[in-house]
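Student: Input target00.pdb, format and content: PDB, C-alpha atoms, pLDDT in the B column.
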ATOM      1  CA  LYS A  34      14.862   6.899 -11.835  1.00 83.00           C
ATOM      2  CA  LEU A  35      14.265   7.317 -15.571  1.00 85.00           C
ATOM      3  CA  ASP A  36      16.231   4.974 -17.820  1.00 86.00           C
ATOM      4  CA  GLY A  37      15.747   2.398 -20.548  1.00 88.00           C
ATOM      5  CA  ALA A  38      12.447   2.977 -22.348  1.00 87.00           C
ATOM      6  CA  ASP A  39      11.601   5.731 -19.823  1.00 86.00           C
ATOM      7  CA  CYS A  40      14.676   7.911 -20.526  1.00 89.00           C
ATOM      8  CA  TRP A  41      14.123  11.640 -20.274  1.00 89.00           C
ATOM      9  CA  GLY A  42      14.149  13.744 -23.456  1.00 89.00           C
ATOM     10  CA  CYS A  43      16.710  16.530 -22.896  1.00 87.00           C
ATOM     11  CA  PRO A  44      15.454  19.763 -24.544  1.00 88.00           C
ATOM     12  CA  ARG A  45      19.025  21.131 -24.814  1.00 89.00           C
ATOM     13  CA  CYS A  46      20.810  18.276 -26.623  1.00 91.00           C
ATOM     14  CA  GLU A  47      17.598  16.594 -27.899  1.00 88.00           C
ATOM     15  CA  ARG A  48      18.847  13.154 -26.795  1.00 90.00           C
ATOM     16  CA  ARG A  49      17.202  10.571 -24.556  1.00 91.00           C
ATOM     17  CA  VAL A  50      19.260  10.447 -21.349  1.00 92.00           C
ATOM     18  CA  ARG A  51      19.078   8.706 -17.960  1.00 91.00           C
ATOM     19  CA  ALA A  52      17.817  10.971 -15.210  1.00 90.00           C
ATOM     20  CA  LYS A  53      16.394  11.057 -11.705  1.00 87.00           C
ATOM     21  CA  LYS A  54      13.089  12.747 -11.003  1.00 80.00           C
ATOM     22  CA  ARG A  55      12.557  14.408  -7.636  1.00 82.00           C
ATOM     23  CA  LEU A  56       9.748  16.416  -6.119  1.00 82.00           C
ATOM     24  CA  SER A  57      10.760  19.012  -3.537  1.00 90.00           C
ATOM     25  CA  LEU A  58       8.372  21.147  -1.525  1.00 91.00           C
ATOM     26  CA  TRP A  59       9.296  24.687  -0.535  1.00 92.00           C
ATOM     27  CA  LYS A  60       7.008  25.156   2.441  1.00 92.00           C
ATOM     28  CA  LEU A  61       4.354  22.925   4.008  1.00 93.00           C
ATOM     29  CA  PRO A  62       0.823  24.276   4.605  1.00 93.00           C
ATOM     30  CA  LEU A  63      -0.926  24.048   7.962  1.00 92.00           C
ATOM     31  CA  LEU A  64      -3.781  22.142   6.300  1.00 93.00           C
ATOM     32  CA  LEU A  65      -2.812  19.713   3.538  1.00 92.00           C
ATOM     33  CA  LEU A  66      -5.308  18.682   0.856  1.00 92.00           C
ATOM     34  CA  VAL A  67      -4.197  15.893  -1.500  1.00 90.00           C
ATOM     35  CA  HIS A  68      -6.059  15.038  -4.693  1.00 86.00           C
ATOM     36  CA  LEU A  69      -4.918  11.824  -6.367  1.00 85.00           C
ATOM     37  CA  LYS A  70      -5.520  11.408 -10.076  1.00 81.00           C
ATOM     38  CA  ARG A  71      -7.602   8.223 -10.156  1.00 82.00           C
ATOM     39  CA  PHE A  72      -8.721   8.322 -13.804  1.00 85.00           C
ATOM     40  CA  GLY A  73      -6.694   8.158 -17.002  1.00 84.00           C
ATOM     41  CA  PHE A  74      -7.663   9.878 -20.237  1.00 83.00           C
ATOM     42  CA  GLU A  75      -6.371   9.432 -23.769  1.00 81.00           C
ATOM     43  CA  ALA A  76      -7.367  11.275 -26.947  1.00 77.00           C
ATOM     44  CA  SER A  77      -9.295   9.272 -29.510  1.00 70.00           C
ATOM     45  CA  THR A  78      -7.157   7.945 -32.379  1.00 66.00           C
ATOM     46  CA  THR A  79     -10.050   7.570 -34.806  1.00 64.00           C
ATOM     47  CA  SER A  80     -11.181  10.289 -37.151  1.00 59.00           C
ATOM     48  CA  SER A  81     -14.874   9.439 -36.864  1.00 62.00           C
ATOM     49  CA  ALA A  82     -17.065  12.263 -35.569  1.00 60.00           C
ATOM     50  CA  TRP A  83     -18.830   9.704 -33.342  1.00 62.00           C
ATOM     51  CA  ASP A  84     -15.597   8.787 -31.506  1.00 60.00           C
ATOM     52  CA  MET A  85     -14.401  12.285 -30.554  1.00 66.00           C
ATOM     53  CA  ALA A  86     -14.707  11.705 -26.806  1.00 69.00           C
ATOM     54  CA  PRO A  87     -11.441  10.698 -25.111  1.00 75.00           C
ATOM     55  CA  ARG A  88     -11.030   7.152 -23.863  1.00 79.00           C
ATOM     56  CA  ALA A  89     -11.190   7.068 -20.066  1.00 82.00           C
ATOM     57  CA  TRP A  90     -10.425   4.408 -17.477  1.00 84.00           C
ATOM     58  CA  LYS A  91     -10.191   4.074 -13.733  1.00 85.00           C
ATOM     59  CA  ILE A  92      -6.662   3.718 -12.349  1.00 85.00           C
ATOM     60  CA  GLU A  93      -6.848   0.684 -10.106  1.00 83.00           C
ATOM     61  CA  GLY A  94      -4.641   0.067  -7.112  1.00 83.00           C
ATOM     62  CA  GLU A  95      -4.752   0.478  -3.390  1.00 87.00           C
ATOM     63  CA  VAL A  96      -3.550   3.744  -1.874  1.00 87.00           C
ATOM     64  CA  VAL A  97      -2.143   3.353   1.625  1.00 90.00           C
ATOM     65  CA  VAL A  98      -1.456   6.383   3.816  1.00 90.00           C
ATOM     66  CA  PRO A  99      -0.936   6.646   7.557  1.00 93.00           C
ATOM     67  CA  LEU A 100      -4.008   7.769   9.483  1.00 93.00           C
ATOM     68  CA  GLN A 101      -1.859   9.841  11.839  1.00 95.00           C
ATOM     69  CA  ARG A 102       1.402  11.758  11.717  1.00 95.00           C
ATOM     70  CA  LEU A 103       2.115  11.763   7.975  1.00 95.00           C
ATOM     71  CA  ASP A 104       5.590  13.329   7.824  1.00 94.00           C
ATOM     72  CA  LEU A 105       6.585  15.061   4.553  1.00 92.00           C
ATOM     73  CA  GLN A 106       9.781  16.649   5.905  1.00 91.00           C
ATOM     74  CA  GLY A 107      11.856  14.366   3.653  1.00 90.00           C
ATOM     75  CA  PHE A 108      10.289  16.079   0.623  1.00 90.00           C
ATOM     76  CA  VAL A 109      11.074  19.639   1.784  1.00 92.00           C
ATOM     77  CA  ALA A 110      13.969  21.277  -0.094  1.00 91.00           C
ATOM     78  CA  GLU A 111      17.154  21.681   1.933  1.00 88.00           C
ATOM     79  CA  THR A 112      17.187  25.446   1.255  1.00 91.00           C
ATOM     80  CA  SER A 113      13.548  25.861   2.327  1.00 92.00           C
ATOM     81  CA  PRO A 114      12.575  28.386   5.016  1.00 91.00           C
ATOM     82  CA  GLN A 115      10.423  25.628   6.580  1.00 87.00           C
ATOM     83  CA  ARG A 116      11.770  25.368  10.132  1.00 82.00           C
ATOM     84  CA  VAL A 117       8.981  23.614  12.006  1.00 86.00           C
ATOM     85  CA  PRO A 118       8.352  20.031  10.906  1.00 84.00           C
ATOM     86  CA  LEU A 119       4.639  19.467  10.329  1.00 89.00           C
ATOM     87  CA  GLN A 120       2.842  16.152  10.618  1.00 94.00           C
ATOM     88  CA  TYR A 121      -0.614  15.563   9.205  1.00 96.00           C
ATOM     89  CA  ASP A 122      -3.526  13.464  10.491  1.00 95.00           C
ATOM     90  CA  LEU A 123      -6.054  12.126   7.986  1.00 95.00           C
ATOM     91  CA  PHE A 124      -9.550  13.377   8.813  1.00 95.00           C
ATOM     92  CA  ALA A 125     -11.509  12.741   5.598  1.00 95.00           C
ATOM     93  CA  ALA A 126     -11.404  10.800   2.338  1.00 93.00           C
ATOM     94  CA  VAL A 127     -13.649  10.687  -0.729  1.00 91.00           C
ATOM     95  CA  ASP A 128     -14.170   7.321  -2.439  1.00 88.00           C
ATOM     96  CA  HIS A 129     -15.384   6.495  -5.952  1.00 86.00           C
ATOM     97  CA  VAL A 130     -17.172   3.202  -6.587  1.00 85.00           C
ATOM     98  CA  GLY A 131     -17.546   2.467 -10.285  1.00 83.00           C
ATOM     99  CA  SER A 132     -15.615   1.556 -13.402  1.00 79.00           C
ATOM    100  CA  SER A 133     -15.152   4.940 -15.097  1.00 79.00           C
ATOM    101  CA  PRO A 134     -15.427   8.706 -14.533  1.00 79.00           C
ATOM    102  CA  SER A 135     -18.901   8.739 -16.088  1.00 80.00           C
ATOM    103  CA  VAL A 136     -20.202   5.692 -14.197  1.00 83.00           C
ATOM    104  CA  GLY A 137     -20.133   5.374 -10.448  1.00 85.00           C
ATOM    105  CA  HIS A 138     -20.930   6.884  -7.106  1.00 90.00           C
ATOM    106  CA  TYR A 139     -18.985   8.989  -4.603  1.00 90.00           C
ATOM    107  CA  THR A 140     -19.053   8.578  -0.838  1.00 93.00           C
ATOM    108  CA  ALA A 141     -17.034  10.171   1.951  1.00 94.00           C
ATOM    109  CA  ALA A 142     -15.532   8.979   5.213  1.00 95.00           C
ATOM    110  CA  CYS A 143     -14.871  11.556   7.937  1.00 96.00           C
ATOM    111  CA  ARG A 144     -13.217  11.190  11.312  1.00 95.00           C
ATOM    112  CA  ARG A 145     -15.205  12.587  14.207  1.00 93.00           C
ATOM    113  CA  PRO A 146     -14.420  12.516  17.946  1.00 93.00           C
ATOM    114  CA  ASP A 147     -16.547   9.352  18.257  1.00 94.00           C
ATOM    115  CA  GLY A 148     -14.857   7.509  15.326  1.00 94.00           C
ATOM    116  CA  TRP A 149     -15.077   7.291  11.547  1.00 94.00           C
ATOM    117  CA  TRP A 150     -18.399   8.047   9.855  1.00 95.00           C
ATOM    118  CA  ARG A 151     -19.377   7.170   6.269  1.00 94.00           C
ATOM    119  CA  PHE A 152     -21.507   9.653   4.351  1.00 94.00           C
ATOM    120  CA  ASP A 153     -23.463   8.269   1.385  1.00 92.00           C
ATOM    121  CA  ASP A 154     -26.086  10.633   0.004  1.00 85.00           C
ATOM    122  CA  ALA A 155     -28.840  10.809   2.643  1.00 78.00           C
ATOM    123  CA  ARG A 156     -27.409   7.906   4.661  1.00 81.00           C
ATOM    124  CA  THR A 157     -24.834   8.280   7.437  1.00 82.00           C
ATOM    125  CA  GLU A 158     -23.335   5.460   9.471  1.00 79.00           C
TER     126      GLU A 158
END
Translate this structure into structure tokens?
Tutor:
Amino acid sequence: KLDGADCWGCPRCERRVRAKKRLSLWKLPLLLLVHLKRFGFEASTTSSAWDMAPRAWKIEGEVVVPLQRLDLQGFVAETSPQRVPLQYDLFAAVDHVGSSPSVGHYTAACRRPDGWWRFDDARTE
């Protein structure tokens, strides 16, 4: 819901109006890959040649998703040709440890038949 300071700018009447924002999917893929934007970027407001790089920060906050049977059917458009409801099981995740996009380290966790494994450079556990 967009209202108050977050009102939507209507391109037709050029006024700020209350609105609802909705994401609808047309058809679900057999394999779903989700990439969450975890870093924010903002253009530099100074005119100095030394400060031309954008300001960047890590978006903090816990992301919680089900490990099994993620159901996105509620996001599929009513007029979609999608007839078979698909449910997704999480089988891998990539983690970033660090305070910014230029500082930190990436690791991965992958589900295998014998449980979850963590991959960290040459080390696996």
Student: Would you write out, as a list in words, every residue that the PyMOL selection byres ((chain A and resi 94-96) around 12) captures in this file?
Tutor: His68, Leu69, Lys70, Arg71, Phe72, Lys91, Ile92, Glu93, Val97, Val98, Pro99, Ala126 and Asp128 of chain A
Student: Of the candidates A:Ser77, A:Arg49, A:Ala125, A:Phe152, which one gets nearest to His138 (chain A) if we count only C-alpha atoms?
Tutor: A:Phe152
Student: When the PyMOL selection byres ((chain A and resi 117) around 10) is applied to the structure above, which residues does it catch, written out as a count of residues only?
Tutor: 9
Student: Give me, please, the distance in Å between CA of Lys53 (chain A) and CA of Asp39 (chain A), quoted to one decimal.
Tutor: 10.8 Å
Student: Pick the closest to Phe124 (chain A) from A:Ala110, A:Glu158, A:Phe74, A:Leu65: which is it, counting all atoms listed in the file?
Tutor: A:Leu65
Student: Provide the CA of Arg51 (chain A) to CA of Ala38 (chain A) distance in Å, to one decimal place.
Tutor: 9.8 Å
Student: Go through A:Leu105, A:Leu63, A:Glu47, A:Asp122 one by one, measure the shortest atom-to-atom distance of each to Arg144 (chain A) using all atoms listed in the file, and give the residue with the smallest value.
Tutor: A:Asp122
Student: Would you give me, as CSV, each residue of region 49-144 of chain A having an atom within 12 Å of an atom of region 154-157 of chain A, along with its shortest atom pair and that distance in Å to one decimal, using only C-alpha atoms and sorting by chain and residue number?
Tutor:
residue,atom,partner,partner_atom,distance
A:His138,CA,A:Asp154,CA,9.5
A:Tyr139,CA,A:Asp154,CA,8.6
A:Thr140,CA,A:Asp154,CA,7.4
A:Ala141,CA,A:Asp154,CA,9.3
A:Ala142,CA,A:Thr157,CA,9.6
A:Cys143,CA,A:Thr157,CA,10.5
Student: Would you place a box with edges along x, y and z of the file around all atoms of region 120-133 of chain A listed there, add 4 Å to each of its six sides, and report the centre and edge lengths in Å to one decimal, as JSON?
Tutor:
{"center_x": -7.4, "center_y": 8.9, "center_z": -2.2, "size_x": 28.4, "size_y": 22.6, "size_z": 33.7}
